[in-house]
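Data file: run.csv. Format and content: CSV, C-alpha atoms.
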chain,number,residue,atom,x,y,z
A,1,MET,CA,-31.3,-13.6,5.8
A,2,GLU,CA,-33.1,-16.3,7.7
A,3,LEU,CA,-30.1,-17.9,9.4
A,4,LEU,CA,-29.0,-14.5,10.8
A,5,LYS,CA,-32.5,-13.7,12.0
A,6,GLN,CA,-32.7,-17.0,13.9
A,7,LYS,CA,-29.3,-16.2,15.5
A,8,VAL,CA,-30.6,-12.8,16.6
A,9,ILE,CA,-33.8,-14.4,18.0
A,10,SER,CA,-32.0,-17.2,19.9
A,11,GLU,CA,-28.8,-15.4,21.0
A,12,GLY,CA,-29.4,-11.6,20.9
A,13,ILE,CA,-29.9,-9.9,24.2
A,14,VAL,CA,-31.8,-6.5,24.3
A,15,LEU,CA,-30.2,-4.1,26.8
A,16,ALA,CA,-31.5,-0.7,27.8
A,17,LYS,CA,-31.6,2.2,25.4
A,18,GLY,CA,-31.9,0.4,22.1
A,19,VAL,CA,-28.7,-1.7,22.4
A,20,LEU,CA,-28.8,-5.2,21.0
A,21,LYS,CA,-26.0,-7.4,22.3
A,22,VAL,CA,-24.9,-10.0,19.8
A,23,ASP,CA,-21.5,-10.7,21.3
A,24,SER,CA,-22.0,-14.5,21.1
A,25,PHE,CA,-21.9,-14.7,17.3
A,26,LEU,CA,-21.0,-11.3,15.8
A,27,ASN,CA,-18.8,-8.9,17.7
A,28,HIS,CA,-16.9,-10.7,20.4
A,29,GLN,CA,-17.3,-14.4,19.8
A,30,MET,CA,-17.9,-15.1,16.1
A,31,ASP,CA,-19.4,-18.0,14.3
A,32,PRO,CA,-17.2,-18.7,11.3
A,33,PHE,CA,-19.9,-20.5,9.3
A,34,LEU,CA,-22.3,-17.7,9.8
A,35,MET,CA,-19.6,-15.3,8.7
A,36,ARG,CA,-19.0,-17.3,5.5
A,37,GLU,CA,-22.7,-17.3,4.8
A,38,ILE,CA,-22.8,-13.5,5.3
A,39,GLY,CA,-20.0,-13.1,2.8
A,40,ARG,CA,-21.9,-15.2,0.3
A,41,GLU,CA,-25.1,-13.2,0.8
A,42,PHE,CA,-23.2,-9.9,0.2
A,43,LYS,CA,-21.7,-11.4,-3.0
A,44,GLU,CA,-25.1,-12.4,-4.2
A,45,LEU,CA,-26.6,-8.9,-3.5
A,46,PHE,CA,-23.8,-6.9,-5.1
A,47,ALA,CA,-22.7,-9.4,-7.8
A,48,GLU,CA,-23.5,-7.0,-10.6
A,49,GLU,CA,-21.7,-3.9,-9.1
A,50,GLY,CA,-18.2,-4.6,-10.4
A,51,ILE,CA,-16.7,-4.4,-6.9
A,52,THR,CA,-12.9,-3.9,-6.9
A,53,LYS,CA,-12.3,-3.4,-3.1
A,54,VAL,CA,-14.2,-4.1,0.1
A,55,LEU,CA,-13.8,-1.4,2.9
A,56,THR,CA,-14.8,-1.9,6.5
A,57,ILE,CA,-13.9,-0.5,10.0
A,58,GLU,CA,-12.2,-2.2,12.8
A,59,SER,CA,-13.0,-4.4,14.6
A,60,SER,CA,-16.3,-6.1,14.2
A,61,GLY,CA,-16.5,-5.4,10.5
A,62,ILE,CA,-13.4,-7.4,9.7
A,63,ALA,CA,-14.8,-10.9,9.8
A,64,PRO,CA,-17.8,-10.3,7.6
A,65,GLY,CA,-15.6,-8.0,5.4
A,66,ILE,CA,-12.9,-10.6,4.8
A,67,MET,CA,-15.5,-13.3,4.0
A,68,ALA,CA,-17.2,-10.9,1.5
A,69,ALA,CA,-13.8,-10.0,0.0
A,70,LEU,CA,-13.0,-13.7,-0.4
A,71,GLU,CA,-16.3,-14.2,-2.4
A,72,PHE,CA,-15.6,-11.2,-4.6
A,73,GLY,CA,-11.9,-12.1,-5.0
A,74,VAL,CA,-10.8,-8.6,-4.1
A,75,PRO,CA,-8.8,-7.1,-1.2
A,76,LEU,CA,-10.3,-6.0,2.1
A,77,ILE,CA,-9.2,-2.7,3.7
A,78,PHE,CA,-10.1,-1.9,7.2
A,79,ALA,CA,-10.2,1.7,8.5
A,80,ARG,CA,-8.4,2.1,11.8
A,81,LYS,CA,-10.0,4.1,14.6
A,82,GLN,CA,-6.8,5.8,15.6
A,83,LYS,CA,-3.5,6.7,14.0
A,84,SER,CA,-0.9,3.9,14.0
A,85,LEU,CA,2.8,4.5,14.4
A,86,THR,CA,3.5,2.3,11.4
A,87,LEU,CA,1.3,4.2,9.0
A,88,THR,CA,3.8,6.7,7.8
A,89,GLU,CA,2.5,7.7,4.4
A,90,ASP,CA,-0.4,9.9,3.5
A,91,ILE,CA,-3.7,8.9,5.1
A,92,PHE,CA,-7.3,9.9,4.7
A,93,VAL,CA,-8.7,11.0,8.1
A,94,GLU,CA,-12.4,11.4,8.9
A,95,LYS,CA,-14.1,12.1,12.2
A,96,VAL,CA,-16.8,9.6,13.3
A,97,TYR,CA,-19.0,10.0,16.3
A,98,SER,CA,-20.1,6.9,18.1
A,99,PHE,CA,-23.5,7.3,19.9
A,100,THR,CA,-23.0,3.9,21.7
A,101,LYS,CA,-19.6,4.8,23.1
A,102,ARG,CA,-20.3,8.6,23.2
A,103,GLU,CA,-17.0,9.5,21.7
A,104,THR,CA,-15.5,10.8,18.5
A,105,ASN,CA,-12.9,8.7,16.8
A,106,GLU,CA,-10.7,9.6,13.9
A,107,ILE,CA,-10.9,6.8,11.3
A,108,THR,CA,-7.9,6.5,9.0
A,109,VAL,CA,-7.2,4.8,5.7
A,110,SER,CA,-3.9,4.8,3.9
A,111,LYS,CA,-4.2,6.7,0.6
A,112,LYS,CA,-2.3,4.2,-1.4
A,113,PHE,CA,-5.1,1.5,-1.3
A,114,PHE,CA,-7.7,3.3,-3.5
A,115,ALA,CA,-7.2,4.3,-7.0
A,116,PRO,CA,-9.6,6.7,-8.9
A,117,GLY,CA,-12.3,4.6,-10.7
A,118,GLU,CA,-12.4,1.8,-8.1
A,119,ARG,CA,-15.8,0.4,-7.1
A,120,VAL,CA,-15.9,0.0,-3.3
A,121,LEU,CA,-18.3,-2.1,-1.3
A,122,ILE,CA,-18.6,-0.8,2.3
A,123,ILE,CA,-19.4,-3.5,4.9
A,124,ASP,CA,-20.2,-2.9,8.6
A,125,ASP,CA,-21.7,-5.0,11.3
A,126,PHE,CA,-24.3,-2.5,12.5
A,127,LEU,CA,-26.1,0.5,10.9
A,128,ALA,CA,-27.8,2.9,13.4
A,129,ASN,CA,-27.2,6.6,12.9
A,130,GLY,CA,-24.9,6.0,9.9
A,131,GLU,CA,-22.0,7.9,11.3
A,132,ALA,CA,-19.4,5.2,10.5
A,133,ALA,CA,-20.9,4.5,7.1
A,134,PHE,CA,-20.8,8.1,6.1
A,135,GLY,CA,-17.2,8.4,7.3
A,136,LEU,CA,-16.3,5.5,5.1
A,137,THR,CA,-18.1,7.0,2.0
A,138,ARG,CA,-16.2,10.3,2.5
A,139,ILE,CA,-12.9,8.4,2.4
A,140,VAL,CA,-13.9,6.5,-0.7
A,141,GLU,CA,-14.9,9.7,-2.5
A,142,GLN,CA,-11.9,11.6,-1.4
A,143,ALA,CA,-9.9,8.9,-3.1
A,144,GLY,CA,-11.8,9.5,-6.4
A,145,ALA,CA,-13.3,6.0,-6.1
A,146,SER,CA,-17.0,5.4,-6.0
A,147,VAL,CA,-19.2,3.7,-3.4
A,148,ALA,CA,-20.8,0.7,-5.2
A,149,GLY,CA,-22.9,-0.1,-2.2
A,150,ILE,CA,-23.2,-0.4,1.6
A,151,GLY,CA,-23.7,-3.9,3.1
A,152,ILE,CA,-24.9,-4.1,6.7
A,153,VAL,CA,-25.2,-7.2,8.8
A,154,ILE,CA,-27.7,-5.8,11.3
A,155,GLU,CA,-29.7,-2.6,10.7
A,156,LYS,CA,-31.5,-0.7,13.4
A,157,SER,CA,-34.3,0.5,11.2
A,158,PHE,CA,-35.7,2.7,13.9
A,159,GLN,CA,-32.6,4.9,13.8
A,160,PRO,CA,-32.0,7.3,10.9
A,161,GLY,CA,-28.9,5.8,9.3
A,162,ARG,CA,-30.6,3.9,6.4
A,163,LYS,CA,-32.8,6.8,5.5
A,164,LEU,CA,-29.9,9.3,5.4
A,165,LEU,CA,-27.7,7.0,3.3
A,166,LEU,CA,-30.6,6.4,0.8
A,167,GLU,CA,-31.2,10.1,0.6
A,168,ALA,CA,-27.6,10.6,-0.2
A,169,GLY,CA,-28.0,8.3,-3.1
A,170,TYR,CA,-26.3,5.1,-1.8
A,171,ARG,CA,-27.5,1.6,-2.3
A,172,VAL,CA,-28.0,0.0,1.2
A,173,GLU,CA,-28.5,-3.7,1.7
A,174,SER,CA,-29.0,-5.0,5.3
A,175,LEU,CA,-29.1,-8.7,6.0
A,176,VAL,CA,-31.4,-8.2,9.0
A,177,ARG,CA,-33.6,-5.1,9.7
A,178,ILE,CA,-34.8,-4.5,13.2
A,179,ALA,CA,-38.0,-2.4,13.5
A,180,SER,CA,-37.9,-2.1,17.3
A,181,LEU,CA,-36.1,-3.2,20.5
A,182,GLU,CA,-38.9,-2.0,22.8
A,183,ASP,CA,-39.9,-3.9,25.9
A,184,GLY,CA,-36.8,-6.1,25.7
A,185,LYS,CA,-38.1,-7.7,22.5
A,186,VAL,CA,-36.7,-7.8,18.9
A,187,THR,CA,-39.2,-7.0,16.2
A,188,PHE,CA,-38.1,-7.3,12.6
A,189,VAL,CA,-39.1,-5.1,9.7
A,190,GLU,CA,-41.9,-6.9,7.8
A,191,GLU,CA,-40.7,-8.2,4.4
A,192,GLU,CA,-42.5,-6.6,1.5
B,1,MET,CA,4.8,-21.0,4.5
B,2,GLU,CA,6.3,-20.2,1.1
B,3,LEU,CA,3.4,-18.0,-0.2
B,4,LEU,CA,3.6,-15.8,2.9
B,5,LYS,CA,7.4,-15.5,2.6
B,6,GLN,CA,7.0,-14.3,-1.0
B,7,LYS,CA,4.5,-11.7,0.1
B,8,VAL,CA,6.9,-10.5,2.8
B,9,ILE,CA,9.7,-10.2,0.3
B,10,SER,CA,7.7,-8.5,-2.4
B,11,GLU,CA,5.4,-6.2,-0.3
B,12,GLY,CA,7.0,-5.9,3.1
B,13,ILE,CA,8.7,-2.6,3.9
B,14,VAL,CA,11.4,-2.4,6.6
B,15,LEU,CA,11.1,0.8,8.6
B,16,ALA,CA,13.5,2.0,11.3
B,17,LYS,CA,13.9,0.2,14.6
B,18,GLY,CA,12.9,-3.3,13.6
B,19,VAL,CA,9.5,-2.5,12.3
B,20,LEU,CA,8.2,-4.5,9.3
B,21,LYS,CA,5.4,-2.8,7.5
B,22,VAL,CA,3.0,-5.4,6.0
B,23,ASP,CA,-0.1,-3.2,5.6
B,24,SER,CA,-0.6,-4.1,2.0
B,25,PHE,CA,-1.6,-7.7,2.8
B,26,LEU,CA,-1.9,-8.4,6.5
B,27,ASN,CA,-2.8,-5.5,8.8
B,28,HIS,CA,-4.5,-2.8,6.9
B,29,GLN,CA,-5.3,-4.1,3.4
B,30,MET,CA,-5.8,-7.8,3.5
B,31,ASP,CA,-5.5,-10.5,0.8
B,32,PRO,CA,-8.5,-12.8,1.5
B,33,PHE,CA,-6.9,-15.8,-0.4
B,34,LEU,CA,-3.7,-15.5,1.6
B,35,MET,CA,-5.9,-15.3,4.8
B,36,ARG,CA,-7.7,-18.5,3.7
B,37,GLU,CA,-4.3,-20.3,3.1
B,38,ILE,CA,-3.1,-19.1,6.5
B,39,GLY,CA,-6.2,-20.6,8.1
B,40,ARG,CA,-5.6,-23.9,6.3
B,41,GLU,CA,-1.9,-23.9,7.4
B,42,PHE,CA,-2.9,-23.5,11.1
B,43,LYS,CA,-5.4,-26.3,10.7
B,44,GLU,CA,-2.7,-28.6,9.4
B,45,LEU,CA,-0.2,-27.6,12.1
B,46,PHE,CA,-2.6,-28.0,15.0
B,47,ALA,CA,-4.9,-30.7,13.6
B,48,GLU,CA,-4.2,-33.2,16.4
B,49,GLU,CA,-4.7,-30.8,19.3
B,50,GLY,CA,-8.4,-31.1,19.8
B,51,ILE,CA,-9.0,-27.4,19.4
B,52,THR,CA,-12.4,-26.2,20.7
B,53,LYS,CA,-12.0,-22.4,20.4
B,54,VAL,CA,-9.7,-19.9,18.6
B,55,LEU,CA,-8.7,-16.8,20.5
B,56,THR,CA,-7.1,-13.7,19.0
B,57,ILE,CA,-6.8,-10.0,19.7
B,58,GLU,CA,-8.3,-7.1,17.8
B,59,SER,CA,-7.7,-6.0,15.1
B,60,SER,CA,-5.2,-7.6,12.9
B,61,GLY,CA,-5.6,-11.1,14.4
B,62,ILE,CA,-9.3,-11.3,13.4
B,63,ALA,CA,-8.9,-12.2,9.7
B,64,PRO,CA,-6.4,-15.0,10.2
B,65,GLY,CA,-8.3,-16.0,13.3
B,66,ILE,CA,-11.7,-16.3,11.5
B,67,MET,CA,-10.1,-18.3,8.7
B,68,ALA,CA,-8.5,-20.7,11.2
B,69,ALA,CA,-11.8,-21.0,13.1
B,70,LEU,CA,-13.6,-21.9,9.9
B,71,GLU,CA,-11.1,-24.7,9.2
B,72,PHE,CA,-11.4,-26.1,12.7
B,73,GLY,CA,-15.2,-25.6,12.7
B,74,VAL,CA,-15.1,-23.8,16.1
B,75,PRO,CA,-15.9,-20.3,17.2
B,76,LEU,CA,-13.4,-17.4,17.2
B,77,ILE,CA,-13.3,-15.0,20.2
B,78,PHE,CA,-11.3,-11.8,19.8
B,79,ALA,CA,-10.0,-10.0,22.9
B,80,ARG,CA,-10.8,-6.3,23.0
B,81,LYS,CA,-8.2,-3.7,23.8
B,82,GLN,CA,-10.5,-1.5,25.9
B,83,LYS,CA,-13.7,-2.1,27.8
B,84,SER,CA,-16.8,-1.8,25.7
B,85,LEU,CA,-20.1,-0.3,27.0
B,86,THR,CA,-22.1,-3.3,25.8
B,87,LEU,CA,-19.9,-5.9,27.7
B,88,THR,CA,-21.8,-5.9,30.9
B,89,GLU,CA,-21.1,-9.3,32.4
B,90,ASP,CA,-18.0,-10.5,34.1
B,91,ILE,CA,-14.9,-10.1,32.0
B,92,PHE,CA,-11.3,-11.3,32.3
B,93,VAL,CA,-8.9,-8.3,32.2
B,94,GLU,CA,-5.2,-8.5,31.5
B,95,LYS,CA,-2.7,-5.7,31.0
B,96,VAL,CA,-0.6,-5.9,27.8
B,97,TYR,CA,2.3,-3.6,27.0
B,98,SER,CA,2.9,-2.7,23.3
B,99,PHE,CA,6.5,-1.9,22.5
B,100,THR,CA,5.5,-0.6,19.1
B,101,LYS,CA,2.9,1.8,20.3
B,102,ARG,CA,4.6,2.4,23.7
B,103,GLU,CA,1.4,2.0,25.7
B,104,THR,CA,-0.3,-0.4,28.0
B,105,ASN,CA,-3.7,-1.7,26.9
B,106,GLU,CA,-6.2,-3.6,29.0
B,107,ILE,CA,-7.3,-6.6,27.0
B,108,THR,CA,-10.7,-8.0,27.9
B,109,VAL,CA,-12.6,-11.2,27.2
B,110,SER,CA,-16.1,-12.0,28.4
B,111,LYS,CA,-16.0,-14.9,30.9
B,112,LYS,CA,-18.9,-16.7,29.4
B,113,PHE,CA,-17.0,-17.9,26.3
B,114,PHE,CA,-14.6,-20.3,27.9
B,115,ALA,CA,-15.5,-23.4,29.8
B,116,PRO,CA,-13.0,-25.4,31.9
B,117,GLY,CA,-11.4,-28.1,29.8
B,118,GLU,CA,-11.6,-26.3,26.5
B,119,ARG,CA,-8.6,-26.4,24.2
B,120,VAL,CA,-7.8,-23.0,22.9
B,121,LEU,CA,-5.7,-22.1,19.9
B,122,ILE,CA,-4.2,-18.6,20.2
B,123,ILE,CA,-3.6,-16.8,16.9
B,124,ASP,CA,-1.9,-13.5,16.3
B,125,ASP,CA,-0.5,-11.6,13.4
B,126,PHE,CA,2.9,-10.8,14.9
B,127,LEU,CA,5.1,-12.2,17.7
B,128,ALA,CA,7.8,-10.0,19.0
B,129,ASN,CA,8.2,-9.7,22.7
B,130,GLY,CA,5.3,-12.0,23.5
B,131,GLU,CA,3.3,-9.5,25.5
B,132,ALA,CA,0.0,-10.0,23.7
B,133,ALA,CA,0.4,-13.8,23.5
B,134,PHE,CA,1.2,-14.0,27.2
B,135,GLY,CA,-1.8,-11.8,28.0
B,136,LEU,CA,-4.0,-14.2,26.0
B,137,THR,CA,-2.6,-17.3,27.7
B,138,ARG,CA,-3.3,-15.8,31.1
B,139,ILE,CA,-6.9,-15.2,30.1
B,140,VAL,CA,-7.3,-18.8,28.9
B,141,GLU,CA,-5.8,-20.2,32.0
B,142,GLN,CA,-7.9,-18.0,34.3
B,143,ALA,CA,-10.9,-19.6,32.7
B,144,GLY,CA,-9.7,-23.1,33.6
B,145,ALA,CA,-9.2,-23.8,29.9
B,146,SER,CA,-5.8,-24.9,28.4
B,147,VAL,CA,-3.7,-23.3,25.7
B,148,ALA,CA,-3.4,-26.0,22.9
B,149,GLY,CA,-0.9,-23.9,21.0
B,150,ILE,CA,0.0,-20.5,19.7
B,151,GLY,CA,-0.1,-19.8,16.0
B,152,ILE,CA,1.7,-16.7,14.7
B,153,VAL,CA,1.6,-15.3,11.2
B,154,ILE,CA,5.0,-13.4,11.3
B,155,GLU,CA,7.5,-14.0,14.0
B,156,LYS,CA,10.4,-11.6,14.7
B,157,SER,CA,12.8,-14.3,15.9
B,158,PHE,CA,15.3,-11.7,16.9
B,159,GLN,CA,13.0,-10.6,19.7
B,160,PRO,CA,12.5,-12.7,22.9
B,161,GLY,CA,8.8,-13.7,22.5
B,162,ARG,CA,9.2,-17.1,21.0
B,163,LYS,CA,11.9,-18.1,23.5
B,164,LEU,CA,9.9,-17.0,26.5
B,165,LEU,CA,6.7,-18.8,25.3
B,166,LEU,CA,8.6,-22.0,24.7
B,167,GLU,CA,10.3,-21.8,28.1
B,168,ALA,CA,6.8,-21.4,29.6
B,169,GLY,CA,5.8,-24.7,28.0
B,170,TYR,CA,3.7,-23.5,25.1
B,171,ARG,CA,3.8,-24.9,21.6
B,172,VAL,CA,4.5,-22.1,19.1
B,173,GLU,CA,4.1,-22.4,15.4
B,174,SER,CA,5.0,-19.3,13.2
B,175,LEU,CA,4.3,-19.3,9.5
B,176,VAL,CA,7.2,-17.1,8.8
B,177,ARG,CA,10.2,-16.5,11.0
B,178,ILE,CA,12.4,-13.4,10.5
B,179,ALA,CA,16.0,-13.6,11.7
B,180,SER,CA,16.8,-9.9,11.1
B,181,LEU,CA,15.5,-6.7,9.7
B,182,GLU,CA,19.0,-5.0,9.7
B,183,ASP,CA,20.1,-2.7,6.9
B,184,GLY,CA,16.5,-2.4,5.6
B,185,LYS,CA,16.5,-6.1,4.5
B,186,VAL,CA,14.4,-9.1,5.6
B,187,THR,CA,16.5,-12.2,6.5
B,188,PHE,CA,14.5,-15.3,7.3
B,189,VAL,CA,15.5,-17.9,9.9
B,190,GLU,CA,17.1,-20.8,8.0
B,191,GLU,CA,14.9,-23.9,7.8
B,192,GLU,CA,16.4,-26.9,9.7

Output the file's structure as structure tokens, nothing else.
Amino acid sequence: MELLKQKVISEGIVLAKGVLKVDSFLNHQMDPFLMREIGREFKELFAEEGITKVLTIESSGIAPGIMAALEFGVPLIFARKQKSLTLTEDIFVEKVYSFTKRETNEITVSKKFFAPGERVLIIDDFLANGEAAFGLTRIVEQAGASVAGIGIVIEKSFQPGRKLLLEAGYRVESLVRIASLEDGKVTFVEEE
Amino acid sequence: MELLKQKVISEGIVLAKGVLKVDSFLNHQMDPFLMREIGREFKELFAEEGITKVLTIESSGIAPGIMAALEFGVPLIFARKQKSLTLTEDIFVEKVYSFTKRETNEITVSKKFFAPGERVLIIDDFLANGEAAFGLTRIVEQAGASVAGIGIVIEKSFQPGRKLLLEAGYRVESLVRIASLEDGKVTFVEEE
């Protein structure tokens, strides 16, 4: 997605240890027009998948997720990273390790929002090791629903998440794929 | 906002101690069309305020916030509830007490996103005691920017937040105002 690539080039900041800071347009300040375009792009990519729900994880997945949900005309559910006092019914709980924050979170989704047979599109802002994405797929499958695809805004292609998800049989579409963040520089995966 | 009132009536669940559960359309599962209408409503209410930024707080403020930001054509910033490892520059930090969760969070916003003179619209999903809203106003004002208004999706008018914000001189617009949640029943504030 060219618009997103340009944003990464002009506003992304490469920190130490493979961290790409995109807090000016994606995960702290957000550009609503870019988010809308991201939603439209996911719609185009997964148009034939019969999506009935979009699932993401708080917080940075919510804006691209709601825009995708709007395009598909289906609800968005976001997984919470800790139990909430007002979630009293049965919930699905999965453990997800964050390499960036070096901590394990429990992600939770209320059971009532997925019915068997539903086709769920998982959306997240970043794909690196695939921990969050796998946690979300386990929740979908526990519900008897199926993962119709995984849509990622920025993929760190030098980390194993994509490969592991593909090996597990999932369709993964990433709007931008980054081959390397070495020497403080963003290098994209060459288009085929 | 009639559409929202209908959603509260048909899908809201009154729990003990003044808690209204709206997780089927606002803060766990989200209806993207309702979110878009909420964004349009805020645009209409604050159209004359010269808004340059929208500010909200993770996580449930993000969807209504991004839709409002889209209508105004300005960026959305969401305050984080804990420090992030990838936020390395100077940040504003404010303490906010949550009565629902009975805990104090530090909310943080990167300093670089607000310039003196900006007109900031604060959006949140709920207004009860006003703790979060006041925390956000303090951040805006520390930045030398001004609070152009506070837009709330659901106001618990039987709690003191609205009164305190009005007394402090802020303009508060709530799309739905709830007078009482007694006896397991939602009663709205009578329109004048």

Residues within 8 Å of stretch 156-171 of chain A, please, as a CSV table (one decimal) with C-alpha atoms, in the frame of the given file. Count all atoms listed in the file; anything in the same chain fewer than 2 positions from it doesn't count.
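The resulting part06.csv:
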chain,number,residue,atom,x,y,z
A,126,PHE,CA,-24.3,-2.5,12.5
A,127,LEU,CA,-26.1,0.5,10.9
A,128,ALA,CA,-27.8,2.9,13.4
A,129,ASN,CA,-27.2,6.6,12.9
A,130,GLY,CA,-24.9,6.0,9.9
A,131,GLU,CA,-22.0,7.9,11.3
A,134,PHE,CA,-20.8,8.1,6.1
A,147,VAL,CA,-19.2,3.7,-3.4
A,148,ALA,CA,-20.8,0.7,-5.2
A,149,GLY,CA,-22.9,-0.1,-2.2
A,150,ILE,CA,-23.2,-0.4,1.6
A,154,ILE,CA,-27.7,-5.8,11.3
A,173,GLU,CA,-28.5,-3.7,1.7
A,177,ARG,CA,-33.6,-5.1,9.7
A,178,ILE,CA,-34.8,-4.5,13.2
A,179,ALA,CA,-38.0,-2.4,13.5
A,180,SER,CA,-37.9,-2.1,17.3
A,189,VAL,CA,-39.1,-5.1,9.7

Between chain A and chain B, at 7 Å or less, what are the per-residue closest atom pairs and their distances in Å? Count all atoms listed in the file, order by chain and rising residue number, and return it as a Markdown table.
| residue | atom | partner | partner_atom | distance |
| --- | --- | --- | --- | --- |
| A:Lys21 | CA | B:Thr86 | CA | 6.7 |
| A:His28 | CA | B:Ile77 | CA | 5.6 |
| A:Gln29 | CA | B:Ile77 | CA | 4.1 |
| A:Met30 | CA | B:Leu76 | CA | 5.2 |
| A:Asp31 | CA | B:Pro75 | CA | 5.1 |
| A:Pro32 | CA | B:Leu70 | CA | 5.0 |
| A:Phe33 | CA | B:Leu70 | CA | 6.5 |
| A:Glu58 | CA | B:Ser59 | CA | 6.3 |
| A:Ser59 | CA | B:Ser59 | CA | 5.6 |
| A:Ile62 | CA | B:Ala63 | CA | 6.6 |
| A:Ala63 | CA | B:Ala63 | CA | 6.0 |
| A:Ile66 | CA | B:Pro32 | CA | 5.9 |
| A:Ala69 | CA | B:Pro32 | CA | 6.2 |
| A:Leu70 | CA | B:Pro32 | CA | 5.0 |
| A:Pro75 | CA | B:Asp31 | CA | 5.1 |
| A:Leu76 | CA | B:Met30 | CA | 5.0 |
| A:Ile77 | CA | B:Gln29 | CA | 4.2 |
| A:Phe78 | CA | B:His28 | CA | 5.7 |
| A:Leu85 | CA | B:Lys101 | CA | 6.5 |
| A:Thr86 | CA | B:Lys21 | CA | 6.7 |
| A:Lys101 | CA | B:Leu85 | CA | 6.4 |

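Distance-wise, atom CA of B:Thr137 and atom CA of B:Asn105 end up 15.7 Å apart.
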
Next item on the list: Would you kindly return, as an MDAnalysis selection string, each protein, DNA or RNA residue with an atom no farther than 8 Å from any atom of A:Phe42, considering all atoms listed in the file and excluding same-chain residues fewer than 3 positions away?
Entry: chainID A and resid 38:39 45:46 68 151

Next item on the list: Could you tell me how far atom CA of A:Phe188 lies from atom CA of A:Ile152, in Å and to one decimal?
Entry: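 Between these atoms lies a distance of 14.8 Å.
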
Next item on the list: Take atom CA of A:Arg40 and atom CA of B:Ile123 and report the distance between them in Å, one decimal.
Entry: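 According to the coordinates, atom CA of A:Arg40 and atom CA of B:Ile123 are separated by 24.8 Å.
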
Next item on the list: Can you work out which one of B:Leu175, B:Leu181, B:Ile139, B:Ile122 has the shortest atom-to-atom distance to B:Gln6, counting all atoms listed in the file?
Entry: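 Closest to B:Gln6 of all the choices is B:Leu175.
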
Checklist line | Pick from B:Ala133, B:Ile13, B:Leu121, B:Val96, whichever lies nearest to B:Lys43 using only C-alpha atoms | finding: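 Result for the nearest residue to B:Lys43: B:Leu121.
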
Item checked: Within 9 Å of B:Phe92 using only C-alpha atoms, minus same-chain residues under 2 positions, as an MDAnalysis selection string -> chainID B and resid 90 94 107:111 139 142:143
